[in-house]
Amino acid sequence: MNWLFPTEKRSIPAKRWLGISLRTIHLVGIAGLAGAYLFQQPESSWYPYLLMTLVSGFLMAAMEVYGDGIWLIQLRGTAIGIKLLLLSTVFWWFEQPNAYIYFLAIIISGIVSHAPGKLRYYSIWHRRVITEPVELSSNEVKNCGG
């Protein structure tokens, strides 16, 4: 599991500006998706924003996991999975995008992304803050570098 949890955090050149750029694209995509979730616009009007949101979100998550997979077990990574599960309910629960689910995903994003480290680095799996090596499936997880 060293490929997912490297002994030393991997760096990405210009990570900060790349992250800012991707986050900006992601926010534009989220704004465009409001047409689907809030105003029931036809798919053709919001589909490009869906693609923008998915691609930028995937790239942001990939950057975090590449740096150190510990992100996946911290609340900041787990929250992404929860948001994706909520937003996917349109495919298996609701007939059309639901505004309440959309707002809940935005609320989760706002709280987790601006919360103190004690919340963002908390692991619901370990029931404590994870920023130092922990044992996970007989492999050590290196410091998140947060």
# chains A, B, ... in the order shown; residues from 1 in each chain; ligands from 1

$ residues_around --residues "region 45-49 of chain A" --least-positions-apart "5" --cutoff "12 Å" --atoms "only C-alpha atoms" --output "ChimeraX atom specification"
/A:25-40,54-57,97

$ residues_around --residues "region 114-129 of chain A" --least-positions-apart "2" --cutoff "6 Å" --atoms "only C-alpha atoms" --output "list in words"
Ile73, Gln74, Leu75, Arg76, Ile111 and Val112 of chain A

$ residues_around --residues "region 58-66 of chain A" --least-positions-apart "6" --cutoff "9 Å" --atoms "only C-alpha atoms" --output "list in words"
Trp3, Leu4, Phe5, Lys9, Arg10, Ser11, Ile12, Lys15, Leu18, Gly19, Leu22, Arg23, Leu72, Gly77 and Ile80 of chain A

$ select_by_dssp --residues "chain A" --states "strand (DSSP E or B)" --output "compact mmCIF listing (two decimals) with N, CA, C and O atoms, in the first residue's frame"
# COMPACT_ATOMS: atom_id res chain seq x y z
N TYR A 122 -10.00 14.76 11.25
CA TYR A 122 -10.61 13.71 12.07
C TYR A 122 -10.95 12.52 11.17
O TYR A 122 -11.43 12.68 10.05
N SER A 123 -10.72 11.32 11.68
CA SER A 123 -11.06 10.10 10.95
C SER A 123 -12.23 9.43 11.64
O SER A 123 -12.11 9.04 12.81
N ARG A 128 -10.61 9.58 15.85
CA ARG A 128 -9.66 10.56 16.37
C ARG A 128 -9.02 11.31 15.21
O ARG A 128 -9.18 10.93 14.06
N VAL A 129 -8.33 12.37 15.54
CA VAL A 129 -7.61 13.14 14.53
C VAL A 129 -6.43 12.31 14.04
O VAL A 129 -5.69 11.75 14.85
N VAL A 134 -0.40 6.08 11.36
CA VAL A 134 -1.33 5.16 12.01
C VAL A 134 -1.24 3.84 11.27
O VAL A 134 -0.81 3.80 10.13
N GLU A 135 -1.68 2.80 11.90
CA GLU A 135 -1.66 1.52 11.23
C GLU A 135 -2.98 1.31 10.51
O GLU A 135 -4.05 1.48 11.07
N LEU A 136 -2.88 0.94 9.25
CA LEU A 136 -4.05 0.69 8.42
C LEU A 136 -3.76 -0.53 7.56
O LEU A 136 -2.90 -0.49 6.70
N ASN A 139 -0.11 -1.60 7.31
CA ASN A 139 0.81 -0.66 6.67
C ASN A 139 0.73 0.66 7.42
O ASN A 139 -0.33 1.07 7.84
N GLU A 140 1.85 1.35 7.51
CA GLU A 140 1.82 2.64 8.19
C GLU A 140 1.42 3.74 7.22
O GLU A 140 1.77 3.72 6.05
N VAL A 141 0.65 4.66 7.73
CA VAL A 141 0.25 5.83 6.97
C VAL A 141 1.10 6.97 7.46
O VAL A 141 1.17 7.24 8.65

$ select_by_dssp --residues "region 22-140 of chain A" --states "alpha helix (DSSP H)" --output "VMD selection string"
chain A and resid 22 to 39 43 to 67 75 to 87 89 to 92 99 to 114 117 to 120

$ closest_residue --among "A:Leu86, A:Ser113, A:Ser21, A:Trp71" --to "Tyr100 (chain A)" --atoms "only C-alpha atoms"
A:Leu86

$ closest_residue --among "A:Asn2, A:Thr131, A:Phe91, A:Thr78" --to "Ser109 (chain A)" --atoms "only C-alpha atoms"
A:Thr78

$ atom_distance --atom1 "CA of Leu85 (chain A)" --atom2 "CA of Gly67 (chain A)"
24.0 Å

$ atom_distance --atom1 "CA of Trp92 (chain A)" --atom2 "CA of Thr24 (chain A)"
29.4 Å
